[in-house]
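Next comes query-v9.txt, a file with compact mmCIF, N, CA and C atoms.
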# COMPACT_ATOMS: atom_id res chain seq x y z
N MET A 1 1.24 -15.71 -15.93
CA MET A 1 2.48 -15.26 -15.34
C MET A 1 3.61 -16.06 -16.01
N ASN A 2 4.60 -15.34 -16.50
CA ASN A 2 5.70 -16.02 -17.19
C ASN A 2 6.76 -16.52 -16.20
N ASN A 3 7.65 -17.35 -16.71
CA ASN A 3 8.67 -17.97 -15.86
C ASN A 3 9.64 -16.96 -15.26
N ASP A 4 9.97 -15.89 -16.01
CA ASP A 4 10.86 -14.86 -15.47
C ASP A 4 10.24 -14.20 -14.25
N LEU A 5 8.96 -13.91 -14.34
CA LEU A 5 8.27 -13.29 -13.21
C LEU A 5 8.20 -14.26 -12.03
N LYS A 6 7.92 -15.51 -12.29
CA LYS A 6 7.88 -16.50 -11.21
C LYS A 6 9.23 -16.58 -10.51
N LYS A 7 10.31 -16.48 -11.27
CA LYS A 7 11.65 -16.54 -10.69
C LYS A 7 11.90 -15.32 -9.80
N ILE A 8 11.49 -14.15 -10.27
CA ILE A 8 11.64 -12.92 -9.48
C ILE A 8 10.86 -13.03 -8.17
N LEU A 9 9.61 -13.46 -8.28
CA LEU A 9 8.78 -13.55 -7.08
C LEU A 9 9.33 -14.55 -6.07
N SER A 10 9.84 -15.65 -6.55
CA SER A 10 10.35 -16.67 -5.63
C SER A 10 11.67 -16.27 -4.99
N SER A 11 12.43 -15.36 -5.63
CA SER A 11 13.71 -14.95 -5.06
C SER A 11 13.63 -13.65 -4.26
N ASP A 12 12.48 -13.03 -4.25
CA ASP A 12 12.30 -11.77 -3.53
C ASP A 12 12.21 -12.04 -2.03
N THR A 13 13.05 -11.38 -1.26
CA THR A 13 13.07 -11.61 0.18
C THR A 13 12.44 -10.49 1.00
N ASP A 14 12.23 -9.32 0.38
CA ASP A 14 11.69 -8.21 1.15
C ASP A 14 10.65 -7.37 0.40
N GLY A 15 10.33 -7.73 -0.83
CA GLY A 15 9.34 -7.00 -1.61
C GLY A 15 9.93 -6.04 -2.62
N LEU A 16 11.20 -5.72 -2.47
CA LEU A 16 11.81 -4.72 -3.34
C LEU A 16 11.90 -5.19 -4.79
N LEU A 17 12.24 -6.44 -5.03
CA LEU A 17 12.30 -6.94 -6.40
C LEU A 17 10.93 -6.89 -7.07
N THR A 18 9.92 -7.21 -6.32
CA THR A 18 8.56 -7.18 -6.85
C THR A 18 8.14 -5.74 -7.13
N TYR A 19 8.45 -4.84 -6.22
CA TYR A 19 8.15 -3.42 -6.42
C TYR A 19 8.85 -2.89 -7.67
N GLU A 20 10.11 -3.24 -7.83
CA GLU A 20 10.86 -2.80 -9.01
C GLU A 20 10.26 -3.38 -10.29
N TYR A 21 9.81 -4.61 -10.21
CA TYR A 21 9.16 -5.22 -11.38
C TYR A 21 7.91 -4.43 -11.76
N ILE A 22 7.11 -4.08 -10.78
CA ILE A 22 5.91 -3.29 -11.04
C ILE A 22 6.29 -1.96 -11.69
N ALA A 23 7.26 -1.27 -11.11
CA ALA A 23 7.66 0.04 -11.63
C ALA A 23 8.21 -0.06 -13.06
N ASN A 24 8.95 -1.11 -13.33
CA ASN A 24 9.57 -1.26 -14.66
C ASN A 24 8.61 -1.82 -15.71
N HIS A 25 7.50 -2.38 -15.28
CA HIS A 25 6.55 -2.99 -16.22
C HIS A 25 5.15 -2.40 -16.09
N MET A 26 5.05 -1.20 -15.52
CA MET A 26 3.76 -0.58 -15.32
C MET A 26 3.01 -0.50 -16.65
N GLY A 27 1.78 -0.93 -16.61
CA GLY A 27 0.94 -0.91 -17.80
C GLY A 27 0.95 -2.23 -18.56
N THR A 28 2.00 -3.01 -18.35
CA THR A 28 2.06 -4.32 -19.03
C THR A 28 1.93 -5.47 -18.04
N CYS A 29 1.86 -5.17 -16.76
CA CYS A 29 1.76 -6.24 -15.76
C CYS A 29 0.44 -6.20 -15.00
N ASP A 30 -0.55 -5.52 -15.55
CA ASP A 30 -1.82 -5.37 -14.85
C ASP A 30 -2.49 -6.71 -14.53
N ASP A 31 -2.39 -7.66 -15.45
CA ASP A 31 -3.00 -8.97 -15.20
C ASP A 31 -2.34 -9.70 -14.04
N ASP A 32 -1.08 -9.41 -13.81
CA ASP A 32 -0.33 -10.04 -12.73
C ASP A 32 -0.35 -9.23 -11.44
N MET A 33 -0.99 -8.07 -11.45
CA MET A 33 -0.94 -7.17 -10.29
C MET A 33 -1.44 -7.82 -8.99
N PRO A 34 -2.52 -8.61 -9.01
CA PRO A 34 -2.91 -9.25 -7.74
C PRO A 34 -1.82 -10.16 -7.18
N ALA A 35 -1.17 -10.94 -8.02
CA ALA A 35 -0.10 -11.82 -7.56
C ALA A 35 1.11 -11.02 -7.10
N LEU A 36 1.40 -9.92 -7.77
CA LEU A 36 2.53 -9.07 -7.39
C LEU A 36 2.28 -8.45 -6.02
N ALA A 37 1.07 -7.93 -5.82
CA ALA A 37 0.73 -7.34 -4.52
C ALA A 37 0.78 -8.40 -3.42
N ASP A 38 0.25 -9.57 -3.72
CA ASP A 38 0.28 -10.65 -2.73
C ASP A 38 1.71 -11.02 -2.35
N ASN A 39 2.60 -11.00 -3.33
CA ASN A 39 4.00 -11.33 -3.04
C ASN A 39 4.64 -10.27 -2.14
N ILE A 40 4.37 -9.01 -2.43
CA ILE A 40 4.90 -7.94 -1.57
C ILE A 40 4.39 -8.13 -0.14
N ILE A 41 3.11 -8.37 -0.03
CA ILE A 41 2.51 -8.55 1.29
C ILE A 41 3.14 -9.75 2.01
N ARG A 42 3.39 -10.81 1.28
CA ARG A 42 3.94 -12.04 1.86
C ARG A 42 5.37 -11.85 2.39
N VAL A 43 6.21 -11.13 1.64
CA VAL A 43 7.64 -11.09 2.01
C VAL A 43 8.07 -9.82 2.74
N ASP A 44 7.30 -8.75 2.67
CA ASP A 44 7.68 -7.51 3.35
C ASP A 44 7.30 -7.61 4.82
N LEU A 45 8.28 -7.71 5.67
CA LEU A 45 8.03 -7.90 7.09
C LEU A 45 7.77 -6.60 7.85
N THR A 46 8.24 -5.46 7.33
CA THR A 46 8.12 -4.20 8.06
C THR A 46 6.97 -3.31 7.60
N GLY A 47 6.49 -3.53 6.39
CA GLY A 47 5.45 -2.68 5.82
C GLY A 47 5.99 -1.57 4.94
N GLN A 48 7.28 -1.39 4.90
CA GLN A 48 7.86 -0.29 4.12
C GLN A 48 7.56 -0.41 2.63
N ILE A 49 7.80 -1.58 2.05
CA ILE A 49 7.57 -1.77 0.62
C ILE A 49 6.07 -1.83 0.33
N THR A 50 5.32 -2.38 1.25
CA THR A 50 3.87 -2.46 1.09
C THR A 50 3.28 -1.05 1.01
N VAL A 51 3.70 -0.17 1.88
CA VAL A 51 3.25 1.23 1.85
C VAL A 51 3.72 1.90 0.56
N SER A 52 4.98 1.70 0.20
CA SER A 52 5.51 2.31 -1.02
C SER A 52 4.75 1.85 -2.25
N ALA A 53 4.41 0.58 -2.30
CA ALA A 53 3.65 0.06 -3.45
C ALA A 53 2.26 0.68 -3.50
N ALA A 54 1.62 0.81 -2.36
CA ALA A 54 0.30 1.44 -2.33
C ALA A 54 0.38 2.89 -2.82
N LEU A 55 1.37 3.62 -2.37
CA LEU A 55 1.54 5.01 -2.79
C LEU A 55 1.85 5.10 -4.28
N TYR A 56 2.69 4.22 -4.78
CA TYR A 56 3.04 4.22 -6.20
C TYR A 56 1.82 3.92 -7.07
N LEU A 57 1.08 2.89 -6.71
CA LEU A 57 -0.11 2.55 -7.49
C LEU A 57 -1.15 3.65 -7.42
N HIS A 58 -1.27 4.29 -6.27
CA HIS A 58 -2.20 5.42 -6.15
C HIS A 58 -1.77 6.57 -7.06
N ALA A 59 -0.49 6.82 -7.13
CA ALA A 59 0.02 7.91 -7.97
C ALA A 59 -0.16 7.61 -9.46
N THR A 60 -0.12 6.34 -9.83
CA THR A 60 -0.19 6.00 -11.25
C THR A 60 -1.60 5.66 -11.72
N GLY A 61 -2.48 5.24 -10.82
CA GLY A 61 -3.83 4.89 -11.24
C GLY A 61 -4.73 4.62 -10.06
N PRO A 62 -5.14 5.66 -9.34
CA PRO A 62 -5.91 5.45 -8.11
C PRO A 62 -7.22 4.70 -8.32
N ASP A 63 -7.90 4.94 -9.42
CA ASP A 63 -9.16 4.24 -9.67
C ASP A 63 -8.89 2.85 -10.25
N LYS A 64 -7.96 2.78 -11.16
CA LYS A 64 -7.63 1.52 -11.83
C LYS A 64 -7.15 0.45 -10.84
N TYR A 65 -6.37 0.87 -9.85
CA TYR A 65 -5.77 -0.07 -8.90
C TYR A 65 -6.39 0.00 -7.51
N ARG A 66 -7.58 0.56 -7.41
CA ARG A 66 -8.22 0.81 -6.10
C ARG A 66 -8.25 -0.45 -5.22
N GLU A 67 -8.66 -1.57 -5.75
CA GLU A 67 -8.75 -2.79 -4.93
C GLU A 67 -7.38 -3.24 -4.44
N ILE A 68 -6.40 -3.16 -5.30
CA ILE A 68 -5.03 -3.56 -4.92
C ILE A 68 -4.49 -2.60 -3.87
N ILE A 69 -4.72 -1.30 -4.07
CA ILE A 69 -4.27 -0.28 -3.12
C ILE A 69 -4.89 -0.53 -1.75
N ASP A 70 -6.20 -0.76 -1.72
CA ASP A 70 -6.88 -1.02 -0.45
C ASP A 70 -6.30 -2.25 0.25
N LYS A 71 -6.00 -3.28 -0.53
CA LYS A 71 -5.42 -4.50 0.03
C LYS A 71 -4.03 -4.23 0.61
N LEU A 72 -3.22 -3.46 -0.11
CA LEU A 72 -1.88 -3.10 0.37
C LEU A 72 -1.95 -2.25 1.64
N ILE A 73 -2.88 -1.31 1.66
CA ILE A 73 -3.03 -0.46 2.85
C ILE A 73 -3.44 -1.30 4.05
N ALA A 74 -4.40 -2.19 3.86
CA ALA A 74 -4.84 -3.04 4.96
C ALA A 74 -3.68 -3.90 5.48
N ALA A 75 -2.87 -4.41 4.57
CA ALA A 75 -1.72 -5.22 4.98
C ALA A 75 -0.69 -4.36 5.71
N SER A 76 -0.54 -3.13 5.28
CA SER A 76 0.40 -2.21 5.93
C SER A 76 0.05 -2.01 7.40
N LEU A 77 -1.23 -1.96 7.68
CA LEU A 77 -1.68 -1.79 9.06
C LEU A 77 -1.25 -2.97 9.93
N GLN A 78 -1.22 -4.14 9.36
CA GLN A 78 -0.80 -5.33 10.10
C GLN A 78 0.71 -5.37 10.29
N LYS A 79 1.44 -4.92 9.29
CA LYS A 79 2.90 -5.05 9.29
C LYS A 79 3.61 -3.94 10.06
N ASP A 80 3.17 -2.72 9.90
CA ASP A 80 3.86 -1.55 10.45
C ASP A 80 3.34 -1.23 11.85
N ARG A 81 3.70 -2.04 12.79
CA ARG A 81 3.24 -1.87 14.17
C ARG A 81 3.82 -0.63 14.84
N GLU A 82 4.96 -0.16 14.37
CA GLU A 82 5.60 1.02 14.98
C GLU A 82 5.16 2.32 14.31
N HIS A 83 4.32 2.23 13.30
CA HIS A 83 3.77 3.39 12.59
C HIS A 83 4.83 4.24 11.91
N LYS A 84 5.90 3.60 11.46
CA LYS A 84 6.96 4.31 10.75
C LYS A 84 6.55 4.68 9.34
N TYR A 85 5.77 3.84 8.70
CA TYR A 85 5.49 4.01 7.28
C TYR A 85 4.03 4.37 6.99
N ILE A 86 3.10 3.86 7.80
CA ILE A 86 1.69 4.11 7.49
C ILE A 86 1.31 5.59 7.57
N VAL A 87 2.06 6.35 8.34
CA VAL A 87 1.76 7.78 8.44
C VAL A 87 1.86 8.45 7.06
N ASP A 88 2.74 7.94 6.20
CA ASP A 88 2.90 8.51 4.85
C ASP A 88 1.66 8.29 3.98
N LEU A 89 0.87 7.28 4.33
CA LEU A 89 -0.34 7.01 3.56
C LEU A 89 -1.38 8.11 3.73
N LEU A 90 -1.41 8.72 4.90
CA LEU A 90 -2.44 9.74 5.15
C LEU A 90 -2.39 10.85 4.11
N SER A 91 -1.25 11.49 3.95
CA SER A 91 -1.16 12.58 2.97
C SER A 91 -1.01 12.03 1.55
N GLY A 92 -0.35 10.88 1.39
CA GLY A 92 -0.11 10.33 0.07
C GLY A 92 -1.36 9.81 -0.61
N ILE A 93 -2.29 9.28 0.15
CA ILE A 93 -3.53 8.74 -0.42
C ILE A 93 -4.68 9.73 -0.30
N TRP A 94 -4.80 10.38 0.85
CA TRP A 94 -5.95 11.23 1.10
C TRP A 94 -5.66 12.72 1.00
N GLY A 95 -4.45 13.10 0.64
CA GLY A 95 -4.12 14.50 0.39
C GLY A 95 -3.47 15.19 1.58
N GLU A 96 -2.70 16.21 1.25
CA GLU A 96 -1.99 16.98 2.28
C GLU A 96 -2.94 17.62 3.29
N ASP A 97 -4.17 17.87 2.87
CA ASP A 97 -5.14 18.53 3.75
C ASP A 97 -6.06 17.55 4.48
N TYR A 98 -5.63 16.29 4.59
CA TYR A 98 -6.48 15.27 5.21
C TYR A 98 -6.96 15.66 6.60
N LYS A 99 -6.17 16.42 7.33
CA LYS A 99 -6.55 16.79 8.70
C LYS A 99 -7.78 17.70 8.73
N THR A 100 -8.04 18.39 7.65
CA THR A 100 -9.21 19.26 7.61
C THR A 100 -10.48 18.49 7.24
N HIS A 101 -10.33 17.23 6.89
CA HIS A 101 -11.47 16.40 6.46
C HIS A 101 -11.55 15.08 7.23
N VAL A 102 -11.06 15.06 8.44
CA VAL A 102 -10.95 13.81 9.19
C VAL A 102 -12.31 13.13 9.36
N ASP A 103 -13.33 13.87 9.75
CA ASP A 103 -14.65 13.25 9.98
C ASP A 103 -15.19 12.62 8.71
N GLU A 104 -15.10 13.35 7.63
CA GLU A 104 -15.58 12.85 6.34
C GLU A 104 -14.78 11.61 5.90
N LEU A 105 -13.47 11.68 6.00
CA LEU A 105 -12.61 10.57 5.59
C LEU A 105 -12.82 9.34 6.47
N ASN A 106 -13.08 9.56 7.75
CA ASN A 106 -13.38 8.44 8.65
C ASN A 106 -14.63 7.69 8.20
N ARG A 107 -15.64 8.44 7.74
CA ARG A 107 -16.87 7.81 7.26
C ARG A 107 -16.66 7.10 5.92
N GLN A 108 -15.80 7.66 5.08
CA GLN A 108 -15.60 7.12 3.73
C GLN A 108 -14.68 5.92 3.67
N SER A 109 -13.70 5.87 4.53
CA SER A 109 -12.66 4.85 4.39
C SER A 109 -12.29 4.21 5.73
N ASP A 110 -12.53 2.92 5.80
CA ASP A 110 -12.13 2.18 7.00
C ASP A 110 -10.62 2.20 7.16
N ASN A 111 -9.90 2.12 6.04
CA ASN A 111 -8.43 2.17 6.12
C ASN A 111 -7.96 3.50 6.68
N PHE A 112 -8.56 4.60 6.21
CA PHE A 112 -8.18 5.91 6.75
C PHE A 112 -8.43 5.95 8.26
N ARG A 113 -9.63 5.53 8.64
CA ARG A 113 -10.00 5.57 10.06
C ARG A 113 -9.02 4.78 10.90
N ARG A 114 -8.64 3.59 10.44
CA ARG A 114 -7.73 2.74 11.19
C ARG A 114 -6.33 3.35 11.29
N ILE A 115 -5.85 3.92 10.19
CA ILE A 115 -4.52 4.55 10.21
C ILE A 115 -4.54 5.77 11.11
N TYR A 116 -5.53 6.63 10.92
CA TYR A 116 -5.61 7.86 11.70
C TYR A 116 -5.68 7.54 13.20
N LYS A 117 -6.48 6.56 13.54
CA LYS A 117 -6.63 6.17 14.95
C LYS A 117 -5.30 5.69 15.54
N ARG A 118 -4.50 4.99 14.74
CA ARG A 118 -3.21 4.50 15.24
C ARG A 118 -2.18 5.62 15.33
N VAL A 119 -2.15 6.46 14.32
CA VAL A 119 -1.13 7.51 14.28
C VAL A 119 -1.45 8.59 15.31
N TYR A 120 -2.72 8.91 15.44
CA TYR A 120 -3.14 9.96 16.37
C TYR A 120 -3.94 9.35 17.52
N ALA A 121 -3.39 8.35 18.15
CA ALA A 121 -4.08 7.61 19.21
C ALA A 121 -4.53 8.50 20.37
N ASN A 122 -3.82 9.59 20.60
CA ASN A 122 -4.17 10.47 21.73
C ASN A 122 -5.17 11.54 21.37
N ASP A 123 -5.48 11.69 20.09
CA ASP A 123 -6.47 12.67 19.67
C ASP A 123 -7.87 12.09 19.81
N VAL A 124 -8.82 12.93 20.11
CA VAL A 124 -10.22 12.50 20.19
C VAL A 124 -10.79 12.52 18.78
N MET A 125 -11.47 11.45 18.42
CA MET A 125 -12.08 11.36 17.10
C MET A 125 -13.54 11.68 17.16

Would you kindly transcribe this structure into structure tokens?
Amino acid sequence: MNNDLKKILSSDTDGLLTYEYIANHMGTCDDDMPALADNIIRVDLTGQITVSAALYLHATGPDKYREIIDKLIAASLQKDREHKYIVDLLSGIWGEDYKTHVDELNRQSDNFRRIYKRVYANDVM
């Protein structure tokens, strides 16, 4: 990790600077991706940037960044207690038709199951 990146990470107060760094350096910051994700998780208090980062990484390389995406999603569940942002993960990660595959997705992904259970708390699973 270079000094410029360290400076960005230390001055980031909400995750947006780190997210912008990822977007502007996609493909050249892969070695730093774990530290970048950790920084977003550390400073994003609401879950908004954490969710956005998970969606962005999924859109650019779902297999390549799978571990980072899963970590961001898990952190989003902790941060977004009001469910403002995690609902976007359902269609963004698992597809617009996720509701037609709920049982299958529940078996495949603990993150899906946890998000779905929170967003649709009144539905029977």

Q: In Å, rounded to a single decimal, give me how far CA of Ile69 in chain A is from CA of Asp12 in chain A.
A: 20.2 Å

Q) Pick the closest to Ala37 in chain A from A:Asn3, A:Thr18, A:Ser91, A:Ser52: which is it, counting only C-alpha atoms? A) A:Thr18

Q | Option closest in space to Met1 in chain A, from A:Asp32, A:Asp88, A:Asp63, A:Asp103 [counting all atoms listed in the file] | A | A:Asp32

Q: Would you kindly return, as a PyMOL selection string, each protein, DNA or RNA residue with an atom no farther than 12 Å from any atom of Lys99 in chain A, considering only C-alpha atoms and excluding same-chain residues fewer than 3 positions away?
A: chain A and resi 90-91+94-96+102-106+112-113+116+120+123+125

Q. Out of chain A, which residues get helix (DSSP H, G or I) from DSSP, as a PyMOL selection string?
A. chain A and resi 3-11+16-24+30-43+48-60+66-79+87-94+98-108+110-119

Q. Hey, can you check how far CA of Leu36 in chain A sits from CA of Ile22 in chain A?
A.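 Between these atoms lies a distance of 7.6 Å.
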
Q: Could you give me, as a PyMOL selection string, the residues that have an atom at most 8 Å away from the point (0.4, -7.2, 6.7) in the coordinates of the file, using only N, CA and C atoms?
A: chain A and resi 40-42+44-47+72-80

Now that the selection is made, can you save its residues with N, CA and C atoms as a compact mmCIF listing (two decimals), keeping the file's coordinate frame?
# COMPACT_ATOMS: atom_id res chain seq x y z
N ILE A 40 4.37 -9.01 -2.43
CA ILE A 40 4.90 -7.94 -1.57
C ILE A 40 4.39 -8.13 -0.14
N ILE A 41 3.11 -8.37 -0.03
CA ILE A 41 2.51 -8.55 1.29
C ILE A 41 3.14 -9.75 2.01
N ARG A 42 3.39 -10.81 1.28
CA ARG A 42 3.94 -12.04 1.86
C ARG A 42 5.37 -11.85 2.39
N ASP A 44 7.30 -8.75 2.67
CA ASP A 44 7.68 -7.51 3.35
C ASP A 44 7.30 -7.61 4.82
N LEU A 45 8.28 -7.71 5.67
CA LEU A 45 8.03 -7.90 7.09
C LEU A 45 7.77 -6.60 7.85
N THR A 46 8.24 -5.46 7.33
CA THR A 46 8.12 -4.20 8.06
C THR A 46 6.97 -3.31 7.60
N GLY A 47 6.49 -3.53 6.39
CA GLY A 47 5.45 -2.68 5.82
C GLY A 47 5.99 -1.57 4.94
N LEU A 72 -3.22 -3.46 -0.11
CA LEU A 72 -1.88 -3.10 0.37
C LEU A 72 -1.95 -2.25 1.64
N ILE A 73 -2.88 -1.31 1.66
CA ILE A 73 -3.03 -0.46 2.85
C ILE A 73 -3.44 -1.30 4.05
N ALA A 74 -4.40 -2.19 3.86
CA ALA A 74 -4.84 -3.04 4.96
C ALA A 74 -3.68 -3.90 5.48
N ALA A 75 -2.87 -4.41 4.57
CA ALA A 75 -1.72 -5.22 4.98
C ALA A 75 -0.69 -4.36 5.71
N SER A 76 -0.54 -3.13 5.28
CA SER A 76 0.40 -2.21 5.93
C SER A 76 0.05 -2.01 7.40
N LEU A 77 -1.23 -1.96 7.68
CA LEU A 77 -1.68 -1.79 9.06
C LEU A 77 -1.25 -2.97 9.93
N GLN A 78 -1.22 -4.14 9.36
CA GLN A 78 -0.80 -5.33 10.10
C GLN A 78 0.71 -5.37 10.29
N LYS A 79 1.44 -4.92 9.29
CA LYS A 79 2.90 -5.05 9.29
C LYS A 79 3.61 -3.94 10.06
N ASP A 80 3.17 -2.72 9.90
CA ASP A 80 3.86 -1.55 10.45
C ASP A 80 3.34 -1.23 11.85

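Taking only C-alpha atoms into account, Tyr56 in chain A lies nearest to A:Ala23 out of the set A:Ala35, A:Lys71, A:Ala23, A:Lys84.
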
Q: Determine the nearest neighbour of Leu89 in chain A from the options A:Ala54, A:Leu17, A:Val43, A:Met33, counting only N, CA and C atoms.
A: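 Nearest candidate to Leu89 in chain A out of A:Ala54, A:Leu17, A:Val43, A:Met33: A:Ala54.
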
(Q) I need the residue nearest Leu16 in chain A from this list: A:Asn39, A:Ser109, A:Val87, A:Arg66. Use all atoms listed in the file for the distance. (A) A:Asn39

Q) Near Leu55 in chain A, counting all atoms listed in the file, which residues have an atom at most 6.5 Å away, once you skip same-chain residues fewer than 5 positions from it, shown as a list in words? A) Thr50, Thr60, Gly92 and Ile93 of chain A
